[in-house]
$ cat coords-v3.pdb   # PDB, C-alpha atoms
MODEL        1
ATOM      1  CA  MET A   1       0.000   0.000   0.000
ATOM      2  CA  ASP A   2       1.365   3.415  -0.959
ATOM      3  CA  ARG A   3       1.784   5.910   1.848
ATOM      4  CA  PRO A   4      -0.519   8.946   1.695
ATOM      5  CA  LEU A   5       1.309  12.178   0.941
ATOM      6  CA  ASP A   6       0.322  13.513   4.353
ATOM      7  CA  ASN A   7       0.450  10.902   7.102
ATOM      8  CA  GLY A   8       0.391  13.423   9.926
ATOM      9  CA  VAL A   9      -2.161  13.874  12.702
ATOM     10  CA  SER A  10      -3.673  17.152  13.858
ATOM     11  CA  THR A  11      -6.437  18.258  16.205
ATOM     12  CA  SER A  12      -7.946  21.676  16.853
ATOM     13  CA  GLY A  13     -10.174  22.254  19.881
ATOM     14  CA  LEU A  14     -10.982  18.533  20.025
ATOM     15  CA  SER A  15     -13.360  17.690  22.888
ATOM     16  CA  LYS A  16     -15.323  14.714  24.170
ATOM     17  CA  VAL A  17     -17.993  15.153  26.837
ATOM     18  CA  TYR A  18     -19.918  12.379  28.616
ATOM     19  CA  LYS A  19     -22.888  14.006  30.371
ATOM     20  CA  ASN A  20     -21.158  16.308  32.883
ATOM     21  CA  PHE A  21     -17.690  14.796  32.454
ATOM     22  CA  ARG A  22     -15.281  16.386  29.972
ATOM     23  CA  ALA A  23     -12.869  13.583  29.060
ATOM     24  CA  VAL A  24     -11.000  15.624  26.439
ATOM     25  CA  ASP A  25     -11.080  19.411  26.636
ATOM     26  CA  SER A  26     -10.224  21.587  23.597
ATOM     27  CA  LEU A  27      -7.156  19.544  22.644
ATOM     28  CA  SER A  28      -4.939  20.951  19.886
ATOM     29  CA  ILE A  29      -1.892  18.888  18.896
ATOM     30  CA  GLN A  30       0.229  18.537  15.774
ATOM     31  CA  VAL A  31       2.028  15.349  14.752
ATOM     32  CA  ASN A  32       4.137  15.716  11.631
ATOM     33  CA  ALA A  33       4.373  12.989   9.012
ATOM     34  CA  GLY A  34       6.868  10.287   9.950
ATOM     35  CA  GLU A  35       7.314  11.408  13.563
ATOM     36  CA  LEU A  36       7.512   9.109  16.537
ATOM     37  CA  PHE A  37       5.194  11.047  18.848
ATOM     38  CA  GLY A  38       4.827  10.451  22.589
ATOM     39  CA  PHE A  39       1.423  11.110  24.162
ATOM     40  CA  LEU A  40       1.644  11.266  27.954
ATOM     41  CA  GLY A  41      -0.643  11.905  30.895
ATOM     42  CA  PRO A  42      -1.767  10.513  34.249
ATOM     43  CA  ASN A  43      -4.475   7.848  34.409
ATOM     44  CA  GLY A  44      -7.786   9.413  33.398
ATOM     45  CA  ALA A  45      -6.133  12.270  31.493
ATOM     46  CA  GLY A  46      -8.037  11.485  28.270
ATOM     47  CA  LYS A  47      -5.302   9.681  26.314
ATOM     48  CA  THR A  48      -7.311   6.586  25.342
ATOM     49  CA  THR A  49     -10.388   8.684  24.525
ATOM     50  CA  THR A  50      -8.259  10.840  22.229
ATOM     51  CA  ILE A  51      -6.844   7.805  20.424
ATOM     52  CA  ARG A  52     -10.324   6.329  19.984
ATOM     53  CA  MET A  53     -11.539   9.580  18.424
ATOM     54  CA  LEU A  54      -8.544   9.762  16.083
ATOM     55  CA  CYS A  55      -9.162   6.175  14.963
ATOM     56  CA  GLY A  56     -12.824   6.890  14.234
ATOM     57  CA  LEU A  57     -14.114   4.590  16.984
ATOM     58  CA  ILE A  58     -15.999   7.286  18.895
ATOM     59  CA  THR A  59     -17.390  10.632  17.725
ATOM     60  CA  PRO A  60     -15.989  13.907  19.080
ATOM     61  CA  THR A  61     -18.397  16.255  20.852
ATOM     62  CA  SER A  62     -16.750  19.290  19.226
ATOM     63  CA  GLY A  63     -13.592  20.439  17.510
ATOM     64  CA  GLU A  64     -11.725  19.070  14.523
ATOM     65  CA  ALA A  65      -9.222  16.302  13.880
ATOM     66  CA  LYS A  66      -7.474  15.018  10.778
ATOM     67  CA  VAL A  67      -5.541  11.799  10.286
ATOM     68  CA  ALA A  68      -3.493  11.566   7.086
ATOM     69  CA  GLY A  69      -5.534  14.505   5.826
ATOM     70  CA  PHE A  70      -8.857  12.703   6.408
ATOM     71  CA  ASP A  71     -11.521  14.250   8.638
ATOM     72  CA  VAL A  72     -12.362  11.974  11.597
ATOM     73  CA  LEU A  73     -16.037  12.961  11.412
ATOM     74  CA  LYS A  74     -16.601  12.627   7.673
ATOM     75  CA  GLU A  75     -13.980  10.110   6.533
ATOM     76  CA  SER A  76     -13.514   7.649   9.391
ATOM     77  CA  LEU A  77     -13.721   4.605   7.068
ATOM     78  CA  LYS A  78     -10.819   5.933   4.989
ATOM     79  CA  ILE A  79      -8.839   6.458   8.180
ATOM     80  CA  ARG A  80      -9.409   2.897   9.394
ATOM     81  CA  LYS A  81      -8.006   1.499   6.126
ATOM     82  CA  ILE A  82      -4.618   3.173   6.520
ATOM     83  CA  ILE A  83      -3.971   3.007  10.286
ATOM     84  CA  GLY A  84      -2.906   0.313  12.710
ATOM     85  CA  LEU A  85      -4.180   0.291  16.298
ATOM     86  CA  LEU A  86      -2.832  -1.542  19.331
ATOM     87  CA  PRO A  87      -5.239  -0.692  22.188
ATOM     88  CA  GLU A  88      -4.302  -1.073  25.857
ATOM     89  CA  SER A  89      -6.664  -4.027  26.187
ATOM     90  CA  PHE A  90      -7.983  -6.158  23.355
ATOM     91  CA  GLY A  91      -9.704  -9.470  22.858
ATOM     92  CA  PHE A  92      -8.526 -12.533  20.950
ATOM     93  CA  TYR A  93     -10.268 -15.521  19.492
ATOM     94  CA  ASP A  94      -8.550 -17.974  21.842
ATOM     95  CA  TRP A  95      -9.568 -21.043  19.823
ATOM     96  CA  MET A  96      -7.706 -19.735  16.757
ATOM     97  CA  ASN A  97      -4.001 -20.083  16.222
ATOM     98  CA  ALA A  98      -1.861 -17.051  15.351
ATOM     99  CA  GLN A  99      -1.786 -17.818  11.638
ATOM    100  CA  GLU A 100      -5.582 -18.166  11.418
ATOM    101  CA  TYR A 101      -6.023 -15.015  13.464
ATOM    102  CA  LEU A 102      -3.819 -12.859  11.240
ATOM    103  CA  LEU A 103      -5.272 -14.325   8.032
ATOM    104  CA  HIS A 104      -8.749 -13.494   9.364
ATOM    105  CA  PHE A 105      -7.805  -9.816   9.739
ATOM    106  CA  ALA A 106      -6.043  -9.794   6.374
ATOM    107  CA  ALA A 107      -9.338 -10.927   4.823
ATOM    108  CA  LEU A 108     -11.192  -8.106   6.585
ATOM    109  CA  TYR A 109      -8.805  -5.675   4.893
ATOM    110  CA  LYS A 110      -9.473  -7.477   1.580
ATOM    111  CA  ILE A 111      -5.813  -8.367   1.137
ATOM    112  CA  GLU A 112      -5.355 -10.847  -1.726
ATOM    113  CA  ALA A 113      -4.843 -14.405  -0.420
ATOM    114  CA  LYS A 114      -1.282 -14.937  -1.708
ATOM    115  CA  GLU A 115      -0.123 -11.557  -0.383
ATOM    116  CA  ALA A 116      -1.924 -12.171   2.932
ATOM    117  CA  LYS A 117      -0.100 -15.474   3.453
ATOM    118  CA  ARG A 118       3.253 -13.847   2.654
ATOM    119  CA  ARG A 119       2.513 -10.960   5.014
ATOM    120  CA  VAL A 120       1.413 -13.272   7.858
ATOM    121  CA  THR A 121       4.534 -15.422   7.530
ATOM    122  CA  GLU A 122       6.708 -12.304   7.571
ATOM    123  CA  LEU A 123       5.021 -10.879  10.679
ATOM    124  CA  LEU A 124       5.125 -14.153  12.616
ATOM    125  CA  GLU A 125       8.862 -14.396  11.973
ATOM    126  CA  GLN A 126       9.419 -10.726  12.803
ATOM    127  CA  PHE A 127       7.746 -11.124  16.199
ATOM    128  CA  GLY A 128       9.310 -14.475  17.036
ATOM    129  CA  LEU A 129       5.973 -16.308  16.897
ATOM    130  CA  ALA A 130       6.625 -18.581  13.911
ATOM    131  CA  ASP A 131       7.395 -21.643  16.076
ATOM    132  CA  LYS A 132       4.121 -21.161  18.002
ATOM    133  CA  SER A 133       1.974 -20.114  15.056
ATOM    134  CA  PHE A 134      -0.183 -23.276  15.158
ATOM    135  CA  ALA A 135      -0.773 -23.277  18.944
ATOM    136  CA  PRO A 136      -4.159 -21.939  20.163
ATOM    137  CA  ILE A 137      -3.885 -18.280  21.225
ATOM    138  CA  GLY A 138      -5.525 -19.163  24.556
ATOM    139  CA  TYR A 139      -2.229 -20.799  25.589
ATOM    140  CA  TYR A 140      -0.152 -17.716  24.776
ATOM    141  CA  SER A 141       1.552 -15.686  27.503
ATOM    142  CA  ARG A 142       0.745 -12.006  28.008
ATOM    143  CA  GLY A 143       3.894 -11.048  26.132
ATOM    144  CA  MET A 144       3.120 -13.321  23.195
ATOM    145  CA  LYS A 145      -0.399 -11.901  22.963
ATOM    146  CA  GLN A 146       0.985  -8.362  23.011
ATOM    147  CA  LYS A 147       3.287  -9.208  20.121
ATOM    148  CA  LEU A 148       0.448 -10.865  18.214
ATOM    149  CA  GLY A 149      -1.697  -7.763  18.792
ATOM    150  CA  LEU A 150       1.021  -5.592  17.295
ATOM    151  CA  ALA A 151       1.380  -7.983  14.354
ATOM    152  CA  ARG A 152      -2.379  -7.682  13.818
ATOM    153  CA  ALA A 153      -2.061  -3.876  13.832
ATOM    154  CA  LEU A 154       0.577  -4.140  11.078
ATOM    155  CA  ILE A 155      -1.239  -6.607   8.823
ATOM    156  CA  ASN A 156      -2.502  -3.844   6.489
ATOM    157  CA  ASN A 157       0.946  -2.157   6.241
ATOM    158  CA  PRO A 158      -0.382   1.022   7.915
ATOM    159  CA  SER A 159       0.845   4.550   7.330
ATOM    160  CA  ILE A 160       0.070   5.608  10.898
ATOM    161  CA  MET A 161       0.326   3.472  14.030
ATOM    162  CA  PHE A 162      -1.583   4.226  17.235
ATOM    163  CA  LEU A 163      -0.240   2.351  20.254
ATOM    164  CA  ASP A 164      -1.707   2.493  23.764
ATOM    165  CA  GLU A 165       0.779   1.066  26.304
ATOM    166  CA  PRO A 166       2.459  -1.363  23.856
ATOM    167  CA  THR A 167       5.022  -2.689  26.383
ATOM    168  CA  LEU A 168       2.567  -3.160  29.252
ATOM    169  CA  GLY A 169       3.169  -6.488  30.997
ATOM    170  CA  LEU A 170       6.192  -7.403  28.903
ATOM    171  CA  ASP A 171       9.502  -8.644  30.282
ATOM    172  CA  PRO A 172      12.673  -6.670  29.456
ATOM    173  CA  LYS A 173      13.357  -8.750  26.311
ATOM    174  CA  GLY A 174       9.782  -8.198  25.100
ATOM    175  CA  GLN A 175      10.053  -4.454  25.753
ATOM    176  CA  GLN A 176      13.314  -4.346  23.823
ATOM    177  CA  ASP A 177      11.707  -6.162  20.876
ATOM    178  CA  ILE A 178       8.793  -3.691  20.756
ATOM    179  CA  ARG A 179      11.145  -0.693  20.898
ATOM    180  CA  ARG A 180      13.188  -2.162  18.048
ATOM    181  CA  ILE A 181      10.065  -2.616  15.929
ATOM    182  CA  LEU A 182       8.885   0.955  16.628
ATOM    183  CA  LEU A 183      12.248   2.306  15.503
ATOM    184  CA  GLU A 184      12.078   0.169  12.349
ATOM    185  CA  LEU A 185       8.620   1.565  11.557
ATOM    186  CA  HIS A 186       9.877   5.073  12.214
ATOM    187  CA  GLY A 187      12.789   4.453   9.848
ATOM    188  CA  LYS A 188      10.333   3.436   7.106
ATOM    189  CA  GLY A 189       8.441   6.726   7.393
ATOM    190  CA  VAL A 190       5.489   5.378   9.379
ATOM    191  CA  THR A 191       4.005   7.916  11.791
ATOM    192  CA  VAL A 192       3.908   6.408  15.291
ATOM    193  CA  PHE A 193       1.518   7.822  17.919
ATOM    194  CA  LEU A 194       2.672   6.277  21.195
ATOM    195  CA  SER A 195       0.812   6.534  24.513
ATOM    196  CA  SER A 196       2.850   5.111  27.375
ATOM    197  CA  HIS A 197       3.572   5.400  31.099
ATOM    198  CA  ALA A 198       7.125   4.178  30.437
ATOM    199  CA  LEU A 199       8.650   7.653  30.409
ATOM    200  CA  SER A 200      12.246   6.491  29.930
ATOM    201  CA  GLU A 201      11.035   4.685  26.812
ATOM    202  CA  VAL A 202       9.309   7.803  25.480
ATOM    203  CA  SER A 203      12.353   9.918  26.302
ATOM    204  CA  ALA A 204      14.635   7.587  24.336
ATOM    205  CA  LEU A 205      12.357   7.036  21.316
ATOM    206  CA  CYS A 206      10.208  10.057  20.581
ATOM    207  CA  ASP A 207      10.870  13.069  18.342
ATOM    208  CA  LYS A 208       8.072  15.125  19.919
ATOM    209  CA  ILE A 209       5.997  14.767  23.085
ATOM    210  CA  ALA A 210       2.627  16.046  24.273
ATOM    211  CA  ILE A 211       1.518  15.941  27.907
ATOM    212  CA  VAL A 212      -2.172  16.073  28.816
ATOM    213  CA  ASN A 213      -3.856  16.299  32.199
ATOM    214  CA  GLN A 214      -7.580  16.332  32.985
ATOM    215  CA  GLY A 215      -8.258  16.295  29.249
ATOM    216  CA  ARG A 216      -6.232  19.428  28.547
ATOM    217  CA  LEU A 217      -2.911  19.947  26.814
ATOM    218  CA  VAL A 218      -0.216  20.894  29.337
ATOM    219  CA  ALA A 219       2.874  20.946  27.111
ATOM    220  CA  GLN A 220       3.964  19.992  23.602
ATOM    221  CA  GLY A 221       7.345  19.946  21.881
ATOM    222  CA  THR A 222      10.719  18.245  21.807
ATOM    223  CA  LEU A 223      12.159  16.780  25.006
ATOM    224  CA  GLU A 224      14.365  19.848  25.393
ATOM    225  CA  GLU A 225      11.334  22.151  24.985
ATOM    226  CA  ILE A 226       9.363  20.101  27.522
ATOM    227  CA  ARG A 227      12.233  20.417  30.006
ATOM    228  CA  ARG A 228      12.339  24.186  29.572
ATOM    229  CA  LEU A 229       8.575  24.463  30.054
ATOM    230  CA  ALA A 230       8.955  22.425  33.259
ATOM    231  CA  GLY A 231      11.355  24.961  34.714
ATOM    232  CA  SER A 232      14.888  24.005  33.765
ATOM    233  CA  SER A 233      16.821  21.907  31.285
ATOM    234  CA  ARG A 234      20.515  21.713  32.201
ATOM    235  CA  GLY A 235      22.772  22.189  35.145
ATOM    236  CA  LEU A 236      25.739  20.839  37.073
ATOM    237  CA  MET A 237      26.054  18.178  39.746
ATOM    238  CA  ILE A 238      28.983  18.835  42.097
ATOM    239  CA  ARG A 239      30.144  16.403  44.780
ATOM    240  CA  VAL A 240      31.965  18.021  47.698
ATOM    241  CA  LEU A 241      33.218  16.764  51.069
ATOM    242  CA  ASN A 242      30.450  17.012  53.686
ATOM    243  CA  SER A 243      31.329  19.240  56.658
ATOM    244  CA  GLU A 244      29.754  21.909  58.821
ATOM    245  CA  SER A 245      31.794  24.591  57.094
ATOM    246  CA  ALA A 246      30.606  23.313  53.696
ATOM    247  CA  LYS A 247      26.951  23.528  54.800
ATOM    248  CA  GLN A 248      27.487  27.070  56.066
ATOM    249  CA  ALA A 249      29.188  28.065  52.824
ATOM    250  CA  LEU A 250      26.136  26.983  50.780
ATOM    251  CA  SER A 251      24.130  29.986  51.917
ATOM    252  CA  LYS A 252      26.883  32.340  50.729
ATOM    253  CA  LEU A 253      26.919  31.149  47.113
ATOM    254  CA  PRO A 254      25.425  33.713  44.668
ATOM    255  CA  PHE A 255      22.976  31.225  43.089
ATOM    256  CA  GLN A 256      20.490  28.531  44.053
ATOM    257  CA  THR A 257      22.036  25.196  45.028
ATOM    258  CA  GLU A 258      20.033  22.104  45.967
ATOM    259  CA  VAL A 259      21.272  19.169  48.033
ATOM    260  CA  TYR A 260      20.686  16.022  45.988
ATOM    261  CA  ALA A 261      22.222  13.543  48.470
ATOM    262  CA  GLU A 262      23.952  13.791  51.837
ATOM    263  CA  ASN A 263      26.306  11.317  53.529
ATOM    264  CA  LYS A 264      30.104  11.466  53.520
ATOM    265  CA  PHE A 265      29.688  13.798  50.575
ATOM    266  CA  LEU A 266      27.224  16.500  49.579
ATOM    267  CA  ASP A 267      25.879  16.124  46.037
ATOM    268  CA  LEU A 268      24.863  19.615  44.973
ATOM    269  CA  ALA A 269      22.711  20.434  41.930
ATOM    270  CA  ILE A 270      22.803  23.840  40.290
ATOM    271  CA  PRO A 271      19.682  24.104  38.064
ATOM    272  CA  GLU A 272      20.916  26.790  35.672
ATOM    273  CA  THR A 273      24.659  27.118  35.445
ATOM    274  CA  PRO A 274      25.583  30.799  35.915
ATOM    275  CA  GLY A 275      28.749  30.765  33.829
ATOM    276  CA  SER A 276      31.156  28.106  32.619
ATOM    277  CA  ALA A 277      32.043  24.974  34.596
ATOM    278  CA  ASN A 278      35.522  26.409  35.199
ATOM    279  CA  ASP A 279      33.974  29.538  36.708
ATOM    280  CA  ILE A 280      31.856  27.387  39.035
ATOM    281  CA  ILE A 281      34.826  25.263  40.116
ATOM    282  CA  HIS A 282      36.841  28.400  40.876
ATOM    283  CA  LEU A 283      33.959  29.893  42.880
ATOM    284  CA  PHE A 284      33.508  26.681  44.912
ATOM    285  CA  GLU A 285      37.216  26.430  45.638
ATOM    286  CA  GLN A 286      37.296  30.074  46.752
ATOM    287  CA  ALA A 287      34.397  29.326  49.115
ATOM    288  CA  GLY A 288      36.442  26.532  50.709
ATOM    289  CA  PHE A 289      34.707  23.460  49.214
ATOM    290  CA  GLN A 290      36.723  20.310  48.513
ATOM    291  CA  ILE A 291      35.458  19.158  45.105
ATOM    292  CA  TYR A 292      35.552  15.414  44.318
ATOM    293  CA  GLU A 293      33.403  15.211  41.183
ATOM    294  CA  ILE A 294      31.575  17.457  38.730
ATOM    295  CA  HIS A 295      29.387  16.596  35.734
ATOM    296  CA  ARG A 296      26.529  17.995  33.689
ATOM    297  CA  ILE A 297      22.980  16.831  34.316
ATOM    298  CA  GLU A 298      19.639  17.173  32.557
ATOM    299  CA  MET A 299      16.137  17.080  33.968
ATOM    300  CA  SER A 300      14.534  13.692  33.358
ATOM    301  CA  LEU A 301      11.270  13.465  31.448
ATOM    302  CA  GLU A 302       9.766  11.922  34.589
ATOM    303  CA  GLN A 303      10.612  15.024  36.641
ATOM    304  CA  ALA A 304       9.425  17.366  33.879
ATOM    305  CA  PHE A 305       6.168  15.392  33.665
ATOM    306  CA  PHE A 306       5.620  15.674  37.417
ATOM    307  CA  ASN A 307       6.465  19.377  37.491
ATOM    308  CA  LEU A 308       4.035  20.187  34.689
ATOM    309  CA  THR A 309       1.124  18.078  35.939
ATOM    310  CA  ALA A 310       1.628  19.102  39.587
ATOM    311  CA  THR A 311       1.700  22.793  38.655
ATOM    312  CA  GLN A 312      -1.651  22.441  36.885
ATOM    313  CA  HIS A 313      -3.149  21.200  40.149
ATOM    314  CA  GLY A 314      -1.610  24.091  42.067
ATOM    315  CA  LEU A 315       0.862  21.779  43.829
ATOM    316  CA  PRO A 316       4.485  22.760  44.377
ATOM    317  CA  ALA A 317       6.795  21.242  41.792
ATOM    318  CA  ASP A 318       9.812  19.379  43.088
ATOM    319  CA  GLY A 319      13.291  20.780  42.545
ATOM    320  CA  PHE A 320      15.430  20.182  39.507
ATOM    321  CA  SER A 321      17.685  17.659  41.134
ATOM    322  CA  ASN A 322      15.249  15.066  42.427
ATOM    323  CA  LEU A 323      15.126  12.988  39.267
ATOM    324  CA  ALA A 324      17.988  14.397  37.259
ATOM    325  CA  GLU A 325      19.406  11.987  34.703
ATOM    326  CA  ARG A 326      23.002  11.358  35.651
TER
ENDMDL
END
$ encode --input "coords-v3.pdb" --output "structure tokens"
Amino acid sequence: MDRPLDNGVSTSGLSKVYKNFRAVDSLSIQVNAGELFGFLGPNGAGKTTTIRMLCGLITPTSGEAKVAGFDVLKESLKIRKIIGLLPESFGFYDWMNAQEYLLHFAALYKIEAKEAKRRVTELLEQFGLADKSFAPIGYYSRGMKQKLGLARALINNPSIMFLDEPTLGLDPKGQQDIRRILLELHGKGVTVFLSSHALSEVSALCDKIAIVNQGRLVAQGTLEEIRRLAGSSRGLMIRVLNSESAKQALSKLPFQTEVYAENKFLDLAIPETPGSANDIIHLFEQAGFQIYEIHRIEMSLEQAFFNLTATQHGLPADGFSNLAER
């Protein structure tokens, strides 16, 4: 299947209301063609509802959304033909084997029989299920079912993939396999819309990220842009010898310094480096600190996520250093 010229995703003021509950509230996001896009939020933030609207499974209450240039309200059937969907929870026909199951879905997409058989064989090998392809799905482990679900989502060679917690319940090897497959899809120009609570995974894989909370967009951009929106992006971690004089000297430094850890040493984080590292070292030495180690740090996506969602609730955001990636 040829890729559409525009396999991006966009929404403008997209909302979904159930009686008095607003599950998605005026959501406007932009996913460019071929991007690996991370879609994050706490439980109940509206992520699954958004994905279901984009896939044409439920109707928006208001607003607009386009998938590969098709309108989700007027052209949902066209959208379903060119996308793949791996929902967070899905059902299987447990009496079928994997080969029968995938051939069944190939038939639903009206894929010619010879091509369907070739595609099924290819997918079963790709996901390491070829040796178990004739065993009933009811005997499959959670990880094997997750892989089969992803193979099902790829049976029509989609231009856009929507994945809701694709590594949920998988062991480390299974998670690694899924990440490898997502990167392969990304390399082929497939747009990947990934919803996940595995923030380290999103941080490592995604070109752009959107964070939603209570149905509303909180932040959108690259990881670096998300970090800046959360309050800081880079800094220094300095390890000094712990002493009473060192603790007293902290209050005399001309910038904010946070204590990351305290034992024999003090690990000090400086959120925004005021000058070069050499300037900082000189200043610390002048203040009487005995420096043992210094390195640059960046705010983790996990900390940025917490800062942004906590701020929306009016809660104090934690300091830069709590979850800094070392």
$ atom_distance --input "coords-v3.pdb" --atom1 "atom CA of A:Phe127" --atom2 "atom CA of A:Ala113"
21.1 Å
$ residues_around --input "coords-v3.pdb" --residues "A:Gly91" --least-positions-apart "3" --cutoff "10 Å" --atoms "only C-alpha atoms" --output "PyMOL selection string"
chain A and resi 87+94+145+149
$ write_last_selection --input "coords-v3.pdb" --atoms "C-alpha atoms" --output "PDB file, in the frame of the given file"
ATOM      1  CA  PRO A  87      -5.239  -0.692  22.188  1.00  0.00           C
ATOM      2  CA  ASP A  94      -8.550 -17.974  21.842  1.00  0.00           C
ATOM      3  CA  LYS A 145      -0.399 -11.901  22.963  1.00  0.00           C
ATOM      4  CA  GLY A 149      -1.697  -7.763  18.792  1.00  0.00           C
TER       5      GLY A 149
END
$ closest_residue --input "coords-v3.pdb" --among "A:Ser76, A:Asn97, A:Ser89, A:Thr257" --to "A:Glu165" --atoms "all atoms listed in the file"
A:Ser89
$ residues_around --input "coords-v3.pdb" --residues "A:Leu40" --least-positions-apart "2" --cutoff "7 Å" --atoms "only C-alpha atoms" --output "list in words"
Gly38, Ser195, Ser196, His197, Ala210, Ile211 and Val212 of chain A
$ atom_distance --input "coords-v3.pdb" --atom1 "atom CA of A:Val202" --atom2 "atom CA of A:Pro172"
15.4 Å
$ resolve_selection --input "coords-v3.pdb" --expression "the PyMOL selection byres ((chain A and resi 66) around 12)" --output "VMD selection string"
chain A and resid 6 to 14 28 to 32 53 to 56 60 63 to 65 67 to 76 78 to 79
$ write_last_selection --input "coords-v3.pdb" --atoms "C-alpha atoms" --output "PDB file, in the frame of the given file"
ATOM      1  CA  ASP A   6       0.322  13.513   4.353  1.00  0.00           C
ATOM      2  CA  ASN A   7       0.450  10.902   7.102  1.00  0.00           C
ATOM      3  CA  GLY A   8       0.391  13.423   9.926  1.00  0.00           C
ATOM      4  CA  VAL A   9      -2.161  13.874  12.702  1.00  0.00           C
ATOM      5  CA  SER A  10      -3.673  17.152  13.858  1.00  0.00           C
ATOM      6  CA  THR A  11      -6.437  18.258  16.205  1.00  0.00           C
ATOM      7  CA  SER A  12      -7.946  21.676  16.853  1.00  0.00           C
ATOM      8  CA  GLY A  13     -10.174  22.254  19.881  1.00  0.00           C
ATOM      9  CA  LEU A  14     -10.982  18.533  20.025  1.00  0.00           C
ATOM     10  CA  SER A  28      -4.939  20.951  19.886  1.00  0.00           C
ATOM     11  CA  ILE A  29      -1.892  18.888  18.896  1.00  0.00           C
ATOM     12  CA  GLN A  30       0.229  18.537  15.774  1.00  0.00           C
ATOM     13  CA  VAL A  31       2.028  15.349  14.752  1.00  0.00           C
ATOM     14  CA  ASN A  32       4.137  15.716  11.631  1.00  0.00           C
ATOM     15  CA  MET A  53     -11.539   9.580  18.424  1.00  0.00           C
ATOM     16  CA  LEU A  54      -8.544   9.762  16.083  1.00  0.00           C
ATOM     17  CA  CYS A  55      -9.162   6.175  14.963  1.00  0.00           C
ATOM     18  CA  GLY A  56     -12.824   6.890  14.234  1.00  0.00           C
ATOM     19  CA  PRO A  60     -15.989  13.907  19.080  1.00  0.00           C
ATOM     20  CA  GLY A  63     -13.592  20.439  17.510  1.00  0.00           C
ATOM     21  CA  GLU A  64     -11.725  19.070  14.523  1.00  0.00           C
ATOM     22  CA  ALA A  65      -9.222  16.302  13.880  1.00  0.00           C
ATOM     23  CA  VAL A  67      -5.541  11.799  10.286  1.00  0.00           C
ATOM     24  CA  ALA A  68      -3.493  11.566   7.086  1.00  0.00           C
ATOM     25  CA  GLY A  69      -5.534  14.505   5.826  1.00  0.00           C
ATOM     26  CA  PHE A  70      -8.857  12.703   6.408  1.00  0.00           C
ATOM     27  CA  ASP A  71     -11.521  14.250   8.638  1.00  0.00           C
ATOM     28  CA  VAL A  72     -12.362  11.974  11.597  1.00  0.00           C
ATOM     29  CA  LEU A  73     -16.037  12.961  11.412  1.00  0.00           C
ATOM     30  CA  LYS A  74     -16.601  12.627   7.673  1.00  0.00           C
ATOM     31  CA  GLU A  75     -13.980  10.110   6.533  1.00  0.00           C
ATOM     32  CA  SER A  76     -13.514   7.649   9.391  1.00  0.00           C
ATOM     33  CA  LYS A  78     -10.819   5.933   4.989  1.00  0.00           C
ATOM     34  CA  ILE A  79      -8.839   6.458   8.180  1.00  0.00           C
TER      35      ILE A  79
END
$ atom_distance --input "coords-v3.pdb" --atom1 "atom CA of A:Leu124" --atom2 "atom CA of A:Ala204"
26.5 Å
$ resolve_selection --input "coords-v3.pdb" --expression "the PyMOL selection byres ((chain A and resi 238) around 8)" --output "PyMOL selection string"
chain A and resi 236-237+239-240+267-269+291-295
$ resolve_selection --input "coords-v3.pdb" --expression "the PyMOL selection byres ((chain A and resi 46-48) around 12)" --output "compact mmCIF listing (two decimals) with C-alpha atoms, in the frame of the given file"
# COMPACT_ATOMS: atom_id res chain seq x y z
CA LEU A 14 -10.98 18.53 20.02
CA SER A 15 -13.36 17.69 22.89
CA LYS A 16 -15.32 14.71 24.17
CA VAL A 17 -17.99 15.15 26.84
CA TYR A 18 -19.92 12.38 28.62
CA PHE A 21 -17.69 14.80 32.45
CA ARG A 22 -15.28 16.39 29.97
CA ALA A 23 -12.87 13.58 29.06
CA VAL A 24 -11.00 15.62 26.44
CA ASP A 25 -11.08 19.41 26.64
CA SER A 26 -10.22 21.59 23.60
CA LEU A 27 -7.16 19.54 22.64
CA GLY A 38 4.83 10.45 22.59
CA PHE A 39 1.42 11.11 24.16
CA LEU A 40 1.64 11.27 27.95
CA GLY A 41 -0.64 11.90 30.90
CA PRO A 42 -1.77 10.51 34.25
CA ASN A 43 -4.47 7.85 34.41
CA GLY A 44 -7.79 9.41 33.40
CA ALA A 45 -6.13 12.27 31.49
CA THR A 49 -10.39 8.68 24.52
CA THR A 50 -8.26 10.84 22.23
CA ILE A 51 -6.84 7.80 20.42
CA ARG A 52 -10.32 6.33 19.98
CA MET A 53 -11.54 9.58 18.42
CA LEU A 54 -8.54 9.76 16.08
CA CYS A 55 -9.16 6.18 14.96
CA LEU A 57 -14.11 4.59 16.98
CA ILE A 58 -16.00 7.29 18.90
CA LEU A 85 -4.18 0.29 16.30
CA LEU A 86 -2.83 -1.54 19.33
CA PRO A 87 -5.24 -0.69 22.19
CA GLU A 88 -4.30 -1.07 25.86
CA SER A 89 -6.66 -4.03 26.19
CA PHE A 162 -1.58 4.23 17.24
CA LEU A 163 -0.24 2.35 20.25
CA ASP A 164 -1.71 2.49 23.76
CA GLU A 165 0.78 1.07 26.30
CA PHE A 193 1.52 7.82 17.92
CA LEU A 194 2.67 6.28 21.20
CA SER A 195 0.81 6.53 24.51
CA SER A 196 2.85 5.11 27.38
CA HIS A 197 3.57 5.40 31.10
CA ALA A 210 2.63 16.05 24.27
CA ILE A 211 1.52 15.94 27.91
CA VAL A 212 -2.17 16.07 28.82
CA ASN A 213 -3.86 16.30 32.20
CA GLN A 214 -7.58 16.33 32.98
CA GLY A 215 -8.26 16.30 29.25
CA ARG A 216 -6.23 19.43 28.55
CA LEU A 217 -2.91 19.95 26.81
$ axis_aligned_box --input "coords-v3.pdb" --around "stretch 159-162 of chain A" --padding-each-side "5 Å" --output "AutoDock Vina command-line options"
--center_x -0.4 --center_y 4.5 --center_z 12.3 --size_x 12.4 --size_y 12.1 --size_z 19.9
